[in-house]
Amino acid sequence: MYDDDHVLLDGAKKLVAQGVHITDVFSPFPVHGIDPVIGVKHTRLGIVAFMFGLLGMTLAVIGFKYMMIDNWPMNIGGKPNFTLLQNFPAFVPITFEFTVLFAAHGMAITYLIRNKTLPGMPADNPYPRTTDDRFVMEIRLSDNTKFSASELHAKIKETDIIEIEEKEYVVVK
Amino acid sequence: MHKESAIREPLILGHKTYHDITEDVCRSIEGKAPKAWYVLFGIALLLGLYGVGCILYLLGTGIGTWGLNKTVQWAWDITNFVWWVGIGHAGTLISAVLLLFRQKWRMAINRAAEAMTIFAVFMAGLFPLIHMGRLWVGYWVMPIPNQFGSLWVNFNSPLLWDVFAITTYLSVGFVFWYIGLIPDFATIRDRAKNPVSKKMYSILSFGWSGRAKHWNRFEIVSLVLAGLATPLVFSVHSIVSFDFATSVIPGWHTTIFPPYFVAGAVFSGFAMVQTIMLIVRKGLKLEAYLHVKHIEYMNIVIMVTGSIVGVAYLTELFMSWYSGVEYESYAFINRATGPYWWAYASMMTCNVVSPQLMWFKKLRRSLLFTFFISIVVNIGMWFERFVIIVTSLHQDYLPSSWSMFHPTWTDIGIYIGTIGLFFVFYLAFARYFPILPIAELKTILKSSGESYKNDTAPVRPKTAPVVNTFVPTDEPIEEVVETIESTLDHVEEKATELSDDEKQHKISSLIEKLGVGNADQKDDLKVISGVGPKLEETLNGIGIFTFEQVSKMTKEEYDLLDSITGTFPGRAERDDWAEQAKNLMNK
């Protein structure tokens, strides 16, 4: 457990340089620069949003084609609106809204599901103050088989740490 | 780390730690609400209930209870609708556009402004809904397969675009707001003492734990949502303006409307943010996070958008003359000199003249003046919509049908009612939700906090505490019975040399100096920076329970303590526990 983001970052760098695998980091706010150090890959949620946006756009266009062109064409003052292309300028606003609607919601829902953060889910931060001003590194012995417990312990202690707690972890989720 | 120029004014005043930020924001949620809150909530609730009553009366009786007539078919209803949508523009603009431009000052206002947006759009949506007359068939605006020979809604109509634009804006705005709220709810959850509120906030926080991967995703989601919301903001008010611009009414039929409406919306939205935040920062004592510089930034936005609106007004006038269209010029001459000249004059004064006063630095840094101008702008923007809607309609092509508009008490009641309802929501939000983004503020603390910028923040000692006592790993660490399962404390080599007797002796001498603590009246020692749950247990084991005991510690006691616990030599001294404990005692 650390009490400063930069100290944690330095500590993590030091440990990783020595070959320690850090399973996870719990922090009250995004610690910039920690991801590449502990090997968190860049998220692909941006691509998800793009896909959902495309889906929304396609659905909107299919909808227009069916409702306004095929199923019930409207003659509004004899204006040229009997093909999708001719009528499309009037469809631009809703096409845009649909794209945004799908992209935003699709991404947000994917994000919540991937994080496993949904209403009623239990929290599993190891210590309540990690959402206030404490930063916790999770290091598992099972991920660091090349070190013994005491070796690992000594290495961790070399960093500017506040406290080490050892426990048998239970996988919550 | 992100560095910021020293010349820039700090965004967070004074010296704050991460914990202070949490404390300052959570104080209003965890403490009791002041009397003023109950008074305001009561007033807002009464107004809101009156508005609901008026709406029910209207639904039961019909739209005829409004003062509309054959000539003026749109009046207060649509005026209020556009006014509320306009106010609802600042929130997403602040959080989305300013996020894309990396404007850190947005963090003082974005949460509150987003909430304002959602509630304002909600109020706005009420007007078209009740304007339908038969609210219970409101779902007909959606393209739902139906039994009328599959009669679809008309996708060529700007009124339908509005339906999609407003619903999209409302739902995306809500998602954006909520994604940002989740980590802050988690903070409140982890602090909550009352089991009911703990349960509530743990449901609201969705089990957020702050893992590195989650934060990584969080940042991307915020960024992409901001990227999506930015064009959305512009599209929504453009589409609202299409309601008018695509018609053939002189005074409405103008291509300048979309940009002009968007600038007007930003203008009025920021004014409302000023009105609300000036009260909130005082009421919740958040002056350190939202200070004069933030107000000044917002005033500059008001000044710029106010000028854009002014230019748009003048362009309109010029075009009505330059186009050579008789009807068009009549509409504008009638606006300025006809029976509604007073509305036009108040619009011009409030929206064009008043923001120009912001060129004076003294005025735009004055809180009282800002508050006054923000109210003036709110009024002016209401008149703008009234002028556009009513004055363009009331003297139409046929002089025999010319008429004026007179609001009825239902008109007034519903308008006042929406203001009441808005504040009911807003006051509830200010009471139970974190009004500042706790997590986001912590990310800018070190780059934009005052004490960190002028180097008055206490500097962290560089030396790692255990450099000398560390033994190479090939030497066995004697006597320490250390199994992985043990959750016991970790004993330094120095400590291992102590026999139990010696230890006992040391403990008693330590307690002698610090005084005997009472286990029943124990303080939460974890609040001291440097003490965690394990160490607290150890301290309690020794017999240290209270801040008072800790506050008596000096160098000698620290050494004694270190030799007993042997965990982190020098830590207690470095973090100056005694001083911390003294401060905590006085709290």
# chains A, B, ... in the order shown; residues from 1 in each chain; ligands from 1
call {"tool": "select_by_dssp", "arguments": {"residues": "range 6-155 of chain A", "states": "strand (DSSP E or B)", "output": "ChimeraX atom specification"}}
result
/A:24-26,135-138
call {"tool": "residues_around", "arguments": {"residues": "range 259-264 of chain B", "least_positions_apart": "2", "cutoff": "10 Å", "atoms": "only C-alpha atoms", "output": "PyMOL selection string"}}
result
chain B and resi 82-83+86-87+89+233-242+255-257+266-270+302+304-313+351+381+384-385
call {"tool": "interface_residues", "arguments": {"of": "chain A", "to": "chain B", "cutoff": "7 Å", "atoms": "only C-alpha atoms", "output": "PyMOL selection string"}}
result
chain A and resi 24-30+35+40+43+46+67+72+90-91+93-94+97+100-101+104+115+117-125+128-129+131-133+151+158-160+162-163+165-168
call {"tool": "write_last_selection", "arguments": {"atoms": "C-alpha atoms", "output": "PDB file, in the first residue's frame"}}
result
ATOM      1  CA  ASP A  24      -3.059  -5.269 -10.416  1.00  0.00           C
ATOM      2  CA  VAL A  25      -3.075  -1.790  -8.997  1.00  0.00           C
ATOM      3  CA  PHE A  26      -5.981  -0.242  -7.116  1.00  0.00           C
ATOM      4  CA  SER A  27      -6.062   3.520  -7.061  1.00  0.00           C
ATOM      5  CA  PRO A  28      -8.534   6.321  -6.349  1.00  0.00           C
ATOM      6  CA  PHE A  29      -7.928   7.925  -9.735  1.00  0.00           C
ATOM      7  CA  PRO A  30      -6.163   6.966 -12.958  1.00  0.00           C
ATOM      8  CA  ASP A  35      -0.503   0.757 -17.641  1.00  0.00           C
ATOM      9  CA  VAL A  40      -2.115  -3.471 -19.041  1.00  0.00           C
ATOM     10  CA  THR A  43      -8.263  -0.960 -24.367  1.00  0.00           C
ATOM     11  CA  GLY A  46     -12.767   2.740 -29.107  1.00  0.00           C
ATOM     12  CA  MET A  67     -40.572   3.258 -44.096  1.00  0.00           C
ATOM     13  CA  TRP A  72     -45.360   4.308 -47.378  1.00  0.00           C
ATOM     14  CA  ALA A  90     -33.679  15.224 -44.948  1.00  0.00           C
ATOM     15  CA  PHE A  91     -32.492  12.002 -43.326  1.00  0.00           C
ATOM     16  CA  PRO A  93     -30.029  14.608 -38.909  1.00  0.00           C
ATOM     17  CA  ILE A  94     -31.624  11.391 -37.713  1.00  0.00           C
ATOM     18  CA  GLU A  97     -28.472  10.992 -34.034  1.00  0.00           C
ATOM     19  CA  VAL A 100     -24.311   8.677 -31.842  1.00  0.00           C
ATOM     20  CA  LEU A 101     -27.063   6.963 -29.872  1.00  0.00           C
ATOM     21  CA  ALA A 104     -22.499   5.910 -26.998  1.00  0.00           C
ATOM     22  CA  ASN A 115     -15.453  -4.204 -16.143  1.00  0.00           C
ATOM     23  CA  THR A 117     -19.356  -3.238 -12.855  1.00  0.00           C
ATOM     24  CA  LEU A 118     -23.102  -3.559 -12.860  1.00  0.00           C
ATOM     25  CA  PRO A 119     -25.752  -2.580 -10.332  1.00  0.00           C
ATOM     26  CA  GLY A 120     -25.493  -4.738  -7.237  1.00  0.00           C
ATOM     27  CA  MET A 121     -22.007  -6.078  -7.971  1.00  0.00           C
ATOM     28  CA  PRO A 122     -19.812  -6.358  -4.877  1.00  0.00           C
ATOM     29  CA  ALA A 123     -16.721  -4.188  -4.786  1.00  0.00           C
ATOM     30  CA  ASP A 124     -13.387  -5.944  -4.374  1.00  0.00           C
ATOM     31  CA  ASN A 125     -10.932  -3.219  -3.608  1.00  0.00           C
ATOM     32  CA  PRO A 128     -11.695   1.038   1.557  1.00  0.00           C
ATOM     33  CA  ARG A 129      -9.241   3.897   1.351  1.00  0.00           C
ATOM     34  CA  THR A 131     -10.956   5.048  -3.302  1.00  0.00           C
ATOM     35  CA  ASP A 132      -9.727   7.972  -1.236  1.00  0.00           C
ATOM     36  CA  ASP A 133      -5.978   8.459  -1.040  1.00  0.00           C
ATOM     37  CA  GLU A 151      12.574 -12.666  -1.419  1.00  0.00           C
ATOM     38  CA  GLU A 158      12.768  -1.702  -0.756  1.00  0.00           C
ATOM     39  CA  THR A 159      10.237   0.611  -2.329  1.00  0.00           C
ATOM     40  CA  ASP A 160       8.797   3.489  -0.343  1.00  0.00           C
ATOM     41  CA  ILE A 162       3.564   2.021   3.803  1.00  0.00           C
ATOM     42  CA  GLU A 163       2.374  -1.443   4.479  1.00  0.00           C
ATOM     43  CA  GLU A 165      -0.319  -7.372   3.849  1.00  0.00           C
ATOM     44  CA  GLU A 166      -0.135 -11.034   2.980  1.00  0.00           C
ATOM     45  CA  LYS A 167      -3.204 -13.050   2.566  1.00  0.00           C
ATOM     46  CA  GLU A 168      -4.589 -15.968   0.736  1.00  0.00           C
TER      47      GLU A 168
END
call {"tool": "select_by_dssp", "arguments": {"residues": "range 279-477 of chain B", "states": "alpha helix (DSSP H)", "output": "PyMOL selection string"}}
result
chain B and resi 279-283+292-322+326-337+341-348+361-364+367-386+392-394+409-432+438-448+450-453
call {"tool": "atom_distance", "arguments": {"atom1": "CA of Tyr322 in chain B", "atom2": "CA of Val390 in chain B"}}
result
23.4 Å
call {"tool": "residues_around", "arguments": {"residues": "Leu286 in chain B", "least_positions_apart": "2", "cutoff": "12 Å", "atoms": "only C-alpha atoms", "output": "ChimeraX atom specification"}}
result
/B:12-14,20-28,108-109,277-284,288-292,434-436
call {"tool": "closest_residue", "arguments": {"among": "B:Leu170, B:Val352, B:Leu398, B:Leu126", "to": "His105 in chain A", "atoms": "only C-alpha atoms"}}
result
B:Leu170
call {"tool": "atom_distance", "arguments": {"atom1": "CA of Thr71 in chain B", "atom2": "CA of Pro250 in chain B"}}
result
13.9 Å
call {"tool": "closest_residue", "arguments": {"among": "B:Ile333, B:Met319, B:Leu11, B:Ala581", "to": "Trp105 in chain B", "atoms": "only C-alpha atoms"}}
result
B:Leu11
call {"tool": "closest_residue", "arguments": {"among": "A:Leu59, A:Lys157, A:Thr99, A:Tyr66", "to": "Thr83 in chain A", "atoms": "only C-alpha atoms"}}
result
A:Tyr66
call {"tool": "residues_around", "arguments": {"residues": "Ala115 in chain B", "least_positions_apart": "5", "cutoff": "8 Å", "atoms": "only C-alpha atoms", "output": "ChimeraX atom specification"}}
result
/B:91,177,426,429
call {"tool": "write_last_selection", "arguments": {"atoms": "N, CA and C atoms", "output": "mmCIF file, in the first residue's frame"}}
result
data_model
loop_
_atom_site.group_PDB
_atom_site.id
_atom_site.type_symbol
_atom_site.label_atom_id
_atom_site.label_comp_id
_atom_site.auth_asym_id
_atom_site.auth_seq_id
_atom_site.Cartn_x
_atom_site.Cartn_y
_atom_site.Cartn_z
ATOM 1 N N GLY B 91 -23.794 22.041 -20.019
ATOM 2 C CA GLY B 91 -23.223 20.892 -19.327
ATOM 3 C C GLY B 91 -22.379 20.034 -20.222
ATOM 4 N N TRP B 177 -22.658 11.423 -17.861
ATOM 5 C CA TRP B 177 -22.657 11.896 -16.483
ATOM 6 C C TRP B 177 -22.473 10.719 -15.529
ATOM 7 N N TYR B 426 -32.339 19.624 -8.631
ATOM 8 C CA TYR B 426 -30.984 20.111 -8.450
ATOM 9 C C TYR B 426 -30.562 20.095 -6.986
ATOM 10 N N PHE B 429 -29.804 16.667 -5.968
ATOM 11 C CA PHE B 429 -28.500 16.297 -6.515
ATOM 12 C C PHE B 429 -27.373 16.859 -5.652
#
call {"tool": "closest_residue", "arguments": {"among": "B:Glu30, B:Thr391, B:Phe422, B:Leu100", "to": "Thr117 in chain B", "atoms": "only C-alpha atoms"}}
result
B:Phe422
call {"tool": "residues_around", "arguments": {"residues": "Leu8 in chain A", "least_positions_apart": "4", "cutoff": "12 Å", "atoms": "only C-alpha atoms", "output": "JSON, numbers by chain"}}
result
{"A": [1, 2, 3, 4, 12, 13, 14, 15, 16, 22, 25, 26, 27, 31, 32, 33, 34, 37, 38, 133, 134, 135, 136, 137, 138, 156, 159, 160, 161, 162]}
call {"tool": "atom_distance", "arguments": {"atom1": "CA of Trp84 in chain B", "atom2": "CA of Val376 in chain B"}}
result
15.7 Å
call {"tool": "residues_around", "arguments": {"residues": "Ser551 in chain B", "least_positions_apart": "2", "cutoff": "6 Å", "atoms": "only C-alpha atoms", "output": "list in words"}}
result
Phe547, Glu548, Gln549, Met553, Ala578, Ala581 and Lys582 of chain B
